[in-house]
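Pasting model_33.txt here (compact mmCIF, C-alpha atoms and all ligand atoms):
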# COMPACT_ATOMS: atom_id res chain seq x y z
CA MET S 120 32.24 -1.77 -4.81
CA ALA S 121 30.50 1.53 -4.04
CA LEU S 122 32.09 4.72 -5.29
CA PHE S 123 31.44 6.61 -2.06
CA SER S 124 33.72 6.41 0.94
CA LYS S 125 32.32 4.42 3.80
CA ASN S 126 32.07 5.28 7.43
CA LYS S 127 34.09 2.58 9.18
CA LYS S 128 31.73 2.25 12.12
CA ASP S 129 28.84 1.15 9.90
CA GLU S 130 30.84 -1.20 7.73
CA GLY S 131 29.26 -4.63 7.84
CA ALA S 132 26.34 -3.42 10.00
CA ASP S 133 23.56 -5.98 10.25
CA ILE S 134 20.86 -4.98 7.79
CA SER S 135 18.12 -5.82 10.30
CA GLN S 136 19.61 -3.25 12.73
CA ILE S 137 19.75 -0.19 10.45
CA PRO S 138 16.95 2.19 9.36
CA LEU S 139 15.74 1.07 5.94
CA PRO S 140 14.39 3.33 3.21
CA ALA S 141 10.63 3.00 2.68
CA HIS S 142 10.99 3.46 -1.08
CA VAL S 143 13.94 2.36 -3.19
CA GLY S 144 14.39 3.11 -6.89
CA ILE S 145 16.80 1.16 -9.09
CA ILE S 146 18.12 2.10 -12.53
CA MET S 147 18.96 -1.39 -13.83
CA ASP S 148 21.93 -0.31 -15.93
CA GLY S 149 24.85 -2.15 -17.49
CA ASN S 150 23.23 -5.18 -19.15
CA GLY S 151 24.65 -4.34 -22.57
CA ARG S 152 28.19 -3.82 -21.23
CA TRP S 153 27.97 -7.05 -19.24
CA ALA S 154 27.21 -8.94 -22.48
CA LYS S 155 29.83 -7.06 -24.51
CA LYS S 156 32.57 -7.90 -22.00
CA ARG S 157 31.78 -11.57 -22.64
CA GLY S 158 31.46 -11.26 -26.43
CA LEU S 159 27.73 -12.07 -26.17
CA PRO S 160 24.73 -10.36 -27.80
CA ARG S 161 23.16 -7.56 -25.75
CA LYS S 162 19.96 -9.54 -25.36
CA VAL S 163 21.84 -12.07 -23.22
CA GLY S 164 22.76 -9.19 -20.90
CA HIS S 165 19.10 -8.23 -20.62
CA ARG S 166 18.18 -11.85 -19.86
CA GLU S 167 20.75 -11.96 -17.06
CA GLY S 168 19.54 -8.56 -15.87
CA ALA S 169 16.01 -9.93 -15.66
CA LYS S 170 17.27 -12.71 -13.34
CA THR S 171 18.90 -10.10 -11.12
CA PHE S 172 15.66 -8.11 -11.12
CA ARG S 173 13.81 -11.17 -9.81
CA THR S 174 16.39 -11.90 -7.09
CA ILE S 175 16.66 -8.30 -5.88
CA THR S 176 12.88 -7.78 -5.92
CA ARG S 177 12.38 -10.85 -3.72
CA TYR S 178 15.18 -9.73 -1.43
CA CYS S 179 13.74 -6.23 -1.00
CA SER S 180 10.37 -7.74 -0.15
CA ASP S 181 11.96 -10.17 2.35
CA ILE S 182 13.86 -7.48 4.25
CA GLY S 183 10.82 -5.20 4.52
CA ILE S 184 11.21 -2.53 1.84
CA ARG S 185 7.70 -1.08 1.33
CA TYR S 186 8.06 0.28 -2.23
CA LEU S 187 10.50 -0.70 -4.97
CA THR S 188 10.58 1.07 -8.35
CA VAL S 189 12.67 -0.45 -11.14
CA TYR S 190 13.44 1.30 -14.41
CA ALA S 191 12.92 -1.36 -17.07
CA PHE S 192 12.28 0.58 -20.28
CA SER S 193 12.37 4.31 -20.88
CA THR S 194 10.46 6.47 -23.37
CA GLU S 195 13.86 6.92 -25.07
CA ASN S 196 14.71 3.20 -25.28
CA TRP S 197 12.58 2.82 -28.45
CA LYS S 198 15.55 4.42 -30.26
CA ARG S 199 17.58 1.22 -29.80
CA PRO S 200 18.11 -1.17 -32.72
CA GLU S 201 14.93 -3.02 -33.70
CA ASP S 202 16.24 -6.45 -32.74
CA GLU S 203 17.21 -5.24 -29.23
CA VAL S 204 13.78 -3.67 -28.66
CA GLY S 205 12.18 -6.87 -30.01
CA SER S 206 14.15 -9.10 -27.64
CA LEU S 207 13.29 -6.83 -24.69
CA MET S 208 9.57 -7.07 -25.56
CA LYS S 209 9.87 -10.89 -25.65
CA LEU S 210 11.60 -10.84 -22.29
CA PHE S 211 8.88 -8.63 -20.77
CA LYS S 212 6.21 -10.97 -22.14
CA SER S 213 7.77 -14.08 -20.65
CA TYR S 214 8.25 -12.29 -17.32
CA LEU S 215 4.71 -11.05 -17.23
CA GLU S 216 3.43 -14.54 -18.03
CA GLU S 217 5.59 -16.51 -15.62
CA ALA S 218 7.82 -14.72 -13.18
CA LEU S 219 5.42 -12.09 -11.99
CA ALA S 220 2.96 -14.79 -10.99
CA ASP S 221 5.71 -16.06 -8.67
CA PHE S 222 5.53 -12.82 -6.73
CA LYS S 223 2.19 -14.06 -5.41
CA ASP S 224 4.04 -16.14 -2.81
CA ASP S 225 5.89 -13.01 -1.73
CA ASP S 226 2.63 -11.04 -1.50
CA ILE S 227 4.02 -8.41 -3.88
CA VAL S 228 1.69 -5.80 -5.40
CA VAL S 229 2.70 -5.25 -9.05
CA ARG S 230 2.13 -1.86 -10.68
CA PHE S 231 3.32 -0.44 -13.97
CA ILE S 232 4.29 3.19 -14.29
CA GLY S 233 4.63 4.72 -17.73
CA ASP S 234 2.58 4.89 -20.91
CA LYS S 235 1.17 1.40 -21.43
CA SER S 236 -0.40 2.41 -24.74
CA GLY S 237 3.04 2.20 -26.40
CA PHE S 238 3.07 -1.59 -26.03
CA SER S 239 1.35 -4.33 -28.04
CA PRO S 240 -2.25 -5.14 -27.03
CA GLU S 241 -0.98 -8.51 -25.75
CA LEU S 242 1.60 -6.91 -23.45
CA GLN S 243 -0.89 -4.29 -22.28
CA ALA S 244 -3.38 -7.04 -21.37
CA LEU S 245 -0.69 -8.90 -19.42
CA MET S 246 0.24 -5.72 -17.56
CA THR S 247 -3.37 -5.06 -16.59
CA GLU S 248 -3.87 -8.69 -15.56
CA ASN S 249 -0.80 -8.56 -13.33
CA GLU S 250 -2.00 -5.35 -11.71
CA GLU S 251 -5.49 -6.65 -11.16
CA CYS S 252 -4.54 -10.02 -9.72
CA SER S 253 -2.00 -8.48 -7.31
CA ALA S 254 -4.01 -5.41 -6.24
CA GLU S 255 -5.37 -6.94 -3.04
CA ARG S 256 -2.01 -8.19 -1.80
CA LYS S 257 -0.59 -6.58 1.30
CA GLY S 258 3.16 -6.78 0.75
CA MET S 259 5.74 -4.62 -1.00
CA VAL S 260 4.56 -2.46 -3.90
CA LEU S 261 6.70 -3.09 -6.99
CA ASN S 262 6.49 -0.33 -9.60
CA ILE S 263 7.87 -1.45 -12.93
CA ALA S 264 8.67 1.61 -15.02
CA MET S 265 8.00 0.69 -18.64
CA ASN S 266 7.76 3.22 -21.46
CA TYR S 267 8.41 5.61 -18.61
CA GLY S 268 9.97 9.05 -18.86
CA SER S 269 9.77 11.52 -16.04
CA ARG S 270 9.38 14.56 -18.31
CA ASP S 271 6.53 12.80 -20.08
CA GLU S 272 4.96 12.00 -16.69
CA ILE S 273 5.20 15.67 -15.64
CA ILE S 274 3.67 16.92 -18.92
CA ARG S 275 0.77 14.47 -18.50
CA ALA S 276 0.22 15.73 -14.96
CA VAL S 277 0.17 19.35 -16.17
CA ARG S 278 -2.31 18.48 -18.93
CA ASN S 279 -4.60 16.66 -16.51
CA ILE S 280 -4.46 19.53 -14.01
CA CYS S 281 -5.38 22.00 -16.81
CA ARG S 282 -8.23 19.71 -17.84
CA ASP S 283 -9.57 19.61 -14.27
CA VAL S 284 -9.27 23.39 -13.84
CA LYS S 285 -11.05 23.90 -17.18
CA ASN S 286 -13.92 21.58 -16.35
CA GLY S 287 -14.35 23.26 -12.97
CA GLY S 288 -13.37 20.29 -10.79
CA LEU S 289 -10.25 22.06 -9.55
CA ASP S 290 -9.50 25.59 -8.45
CA GLU S 291 -6.14 27.08 -9.51
CA GLY S 292 -5.48 28.06 -5.88
CA GLN S 293 -5.57 24.39 -4.86
CA ILE S 294 -2.48 23.57 -6.95
CA ASP S 295 0.42 22.85 -4.64
CA GLU S 296 3.24 20.27 -4.41
CA SER S 297 1.07 17.67 -2.78
CA LEU S 298 -1.71 18.03 -5.35
CA PHE S 299 0.82 17.83 -8.18
CA SER S 300 2.31 14.60 -6.77
CA GLY S 301 -1.18 13.14 -6.85
CA TYR S 302 -1.29 13.55 -10.64
CA LEU S 303 1.88 11.49 -11.18
CA TYR S 304 2.00 7.72 -11.81
CA THR S 305 3.25 7.31 -8.23
CA ALA S 306 0.20 9.06 -6.72
CA GLY S 307 -0.30 8.09 -3.08
CA GLN S 308 3.21 6.64 -2.69
CA PRO S 309 6.08 8.14 -0.71
CA ASP S 310 8.91 9.70 -2.72
CA PRO S 311 11.94 7.42 -3.13
CA ASP S 312 14.36 7.72 -0.20
CA LEU S 313 17.16 6.01 -2.10
CA ILE S 314 17.95 5.55 -5.78
CA ILE S 315 20.64 3.04 -6.71
CA ARG S 316 22.39 3.14 -10.05
CA PRO S 317 24.74 0.28 -10.81
CA SER S 318 27.30 0.36 -13.64
CA GLY S 319 29.13 3.45 -12.38
CA GLU S 320 27.16 6.05 -14.37
CA TYR S 321 26.38 9.35 -12.63
CA ARG S 322 23.12 10.18 -14.38
CA ILE S 323 19.41 10.31 -13.52
CA SER S 324 18.30 9.49 -17.10
CA ASN S 325 14.79 10.96 -16.89
CA PHE S 326 13.87 8.82 -13.85
CA MET S 327 11.52 10.20 -11.15
CA LEU S 328 12.72 13.80 -11.54
CA TRP S 329 9.93 15.32 -9.43
CA GLN S 330 9.89 12.53 -6.85
CA ALA S 331 13.69 12.55 -6.40
CA ALA S 332 13.93 16.13 -5.04
CA TYR S 333 15.39 14.86 -1.73
CA THR S 334 16.38 11.33 -2.66
CA GLU S 335 19.76 9.94 -1.64
CA PHE S 336 21.81 8.48 -4.51
CA VAL S 337 24.14 5.51 -4.37
CA ILE S 338 26.19 4.74 -7.47
CA MET S 339 27.64 1.22 -7.52
CA ASN S 340 30.52 0.22 -9.73
CA LYS S 341 28.90 -3.08 -10.70
CA LEU S 342 27.00 -3.98 -13.86
CA TRP S 343 23.37 -4.86 -13.13
CA PRO S 344 23.60 -8.60 -14.04
CA ASP S 345 26.44 -8.89 -11.46
CA PHE S 346 24.52 -7.01 -8.74
CA THR S 347 23.96 -9.23 -5.69
CA THR S 348 22.00 -9.11 -2.44
CA GLU S 349 25.33 -8.20 -0.75
CA ASP S 350 25.57 -5.15 -3.04
CA MET S 351 22.02 -4.26 -2.04
CA ASP S 352 23.04 -4.50 1.64
CA GLU S 353 26.00 -2.25 0.94
CA ALA S 354 23.76 0.36 -0.71
CA LEU S 355 21.39 0.21 2.27
CA ARG S 356 24.28 0.65 4.73
CA LEU S 357 25.52 3.69 2.77
CA PHE S 358 21.99 5.09 2.87
CA ALA S 359 21.81 4.58 6.64
CA GLN S 360 24.93 6.76 7.06
CA ARG S 361 23.48 9.73 5.20
CA ASN S 362 22.38 12.79 7.11
CA ARG S 363 19.18 13.91 5.37
CA ARG S 364 18.47 17.58 5.99
CA TYR S 365 15.81 18.39 3.37
CA GLY S 366 17.26 21.87 2.97
CA GLY S 367 17.46 22.46 6.74
CA VAL S 368 20.57 22.32 8.92
C1 LIG K 401 19.73 -0.70 -19.28
O1 LIG K 401 20.96 -1.34 -19.54
C2 LIG K 401 18.70 -1.72 -19.18
C3 LIG K 401 17.58 -1.81 -19.96
C4 LIG K 401 17.28 -0.83 -21.03
C5 LIG K 401 16.64 -2.94 -19.80
C6 LIG K 401 16.40 -3.38 -18.38
C7 LIG K 401 15.49 -4.53 -18.39
C8 LIG K 401 15.66 -5.64 -17.65
C9 LIG K 401 16.76 -5.83 -16.70
C10 LIG K 401 14.62 -6.72 -17.74
C11 LIG K 401 13.73 -6.64 -16.54
C12 LIG K 401 12.51 -7.37 -16.77
C13 LIG K 401 11.30 -6.98 -16.28
C14 LIG K 401 10.09 -7.76 -16.59
C15 LIG K 401 11.12 -5.79 -15.45
P1 LIG K 401 21.72 -1.04 -20.91
O2 LIG K 401 21.24 -2.00 -21.93
O3 LIG K 401 21.54 0.40 -21.26
O4 LIG K 401 23.19 -1.35 -20.54
P2 LIG K 401 24.50 -0.62 -21.14
O5 LIG K 401 24.47 0.79 -20.61
O6 LIG K 401 25.61 -1.42 -20.58
O7 LIG K 401 24.41 -0.69 -22.64
Would it be possible to restate this file's structure as structure tokens?
Ligand code: FPP
Amino acid sequence: MALFSKNKKDEGADISQIPLPAHVGIIMDGNGRWAKKRGLPRKVGHREGAKTFRTITRYCSDIGIRYLTVYAFSTENWKRPEDEVGSLMKLFKSYLEEALADFKDDDIVVRFIGDKSGFSPELQALMTENEECSAERKGMVLNIAMNYGSRDEIIRAVRNICRDVKNGGLDEGQIDESLFSGYLYTAGQPDPDLIIRPSGEYRISNFMLWQAAYTEFVIMNKLWPDFTTEDMDEALRLFAQRNRRYGGV
């Protein structure tokens, strides 16, 4: 159930009849708690979360979302116990080998945002392979945020801008919001219209800080492995009720 009150008139509105966001971000939270509630190891929660990721990605592509960004592993997640990080790396590997190839049928373009160099050479190669073999597809763009931190992304952008000013390719006067956006991992993509966080936490957790300046947030009181396509519809209906003013009236 969503934690925001609903407007009765839009309750149950047909998803094909409402304005959809072009770009949706999802913080896939609550895998560990899902497992704990069942007395299972956390890695089982991540495995179930990965199934949900597959289902929701397909669903977003089917209903016509243009960009989906999922937060899979943050720059801070390396602090987790070694066995949890190890099981997540195994899960990523099996997904990159098998499941992502499935997205071919859905025409999904796969991109990774974050610092790939933090991963094993094997994982890095799989990431690049997935990007290359999906680059020509025409469907939804799926950004998988791995070893991603928004502050890190912003610092990299600043460094690269300084480099370009120093080497003469860029004039200081050219630096504006649009130019800055072009130095981020999401260069060329629209900012997220909607970010969904399941598991009832009211935090942004270093996710798309620059890009989320005018993003609508929907917090769902559901753990990510339990998140269904009906929950996705509910988040989209809540989004459709929002009055976006971008600082205007
Ligand atoms: C946060 O939940 C979730 C993660 C750190 C991992 C998310 C990864 C997946 C769902 C796998 C997706 C696979 C691919 C290939 C993209 P948490 O563990 O912090 O949950 P908690 O807050 O309940 O402890």
key: All residues having an atom within 8 Å of ligand LIG 401 (chain K) (all atoms listed in the file) as an MDAnalysis selection string   = chainID S and resid 146:154 161 164:172 189:193 196 207 210:215 219 263:265 318 342:344
Find the spatial neighbours of S:Val260, counting all atoms listed in the file, within a cut-off of 9 Å - ignore same-chain residues fewer than 5 positions away - and output them as a PDB file with C-alpha atoms, in the frame of the given file.
ATOM      1  CA  SER S 180      10.370  -7.740  -0.150  1.00  0.00           C
ATOM      2  CA  ILE S 184      11.210  -2.530   1.840  1.00  0.00           C
ATOM      3  CA  ARG S 185       7.700  -1.080   1.330  1.00  0.00           C
ATOM      4  CA  TYR S 186       8.060   0.280  -2.230  1.00  0.00           C
ATOM      5  CA  LEU S 187      10.500  -0.700  -4.970  1.00  0.00           C
ATOM      6  CA  THR S 188      10.580   1.070  -8.350  1.00  0.00           C
ATOM      7  CA  ILE S 227       4.020  -8.410  -3.880  1.00  0.00           C
ATOM      8  CA  VAL S 228       1.690  -5.800  -5.400  1.00  0.00           C
ATOM      9  CA  VAL S 229       2.700  -5.250  -9.050  1.00  0.00           C
ATOM     10  CA  ARG S 230       2.130  -1.860 -10.680  1.00  0.00           C
TER      11      ARG S 230
END
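Closest approach to S:Leu298 among S:Ile280, S:Val163, S:Ala332, S:Met351: S:Ile280, based on all atoms listed in the file.
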request  = Write out as JSON, numbers by chain each polymer residue whose atoms come within 8 Å of S:Ser269, counting only C-alpha atoms; drop sequence neighbours fewer than 3 positions from it.
outcome  = {"S": [272, 273, 325, 326, 327, 328, 329]}
ask   = Between S:Tyr304, S:Ile294, S:Arg173, S:Ile137, which one has atoms that come closest to S:Lys235, using all atoms listed in the file?
value = S:Tyr304
Residue among S:Asp202, S:Glu349, S:Ala244, S:Arg278 lying closest to S:Asp133, counting only C-alpha atoms = S:Glu349
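Residue neighbourhood of stretch 309-312 of chain S, excluding near-sequence residues (fewer than 4 positions): Leu139, Pro140, Ala141, His142, Val143, Gly144, Ile145, Arg185, Tyr186, Leu187, Thr188, Ser300, Thr305, Met327, Trp329, Gln330, Ala331, Ala332, Tyr333, Thr334, Glu335, Phe336, Phe358 and Arg363 of chain S, at 10 Å, using all atoms listed in the file.
Going from atom CA of S:Gly158 to atom CA of S:Ile315 covers 26.7 Å.
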key: Polymer residues at most 12 Å from S:Gln243, all atoms listed in the file, same-chain spacing of 5 or more positions, as a PyMOL selection string   = chain S and resi 208+211-212+215-216+231+233-238+248-250+265-266
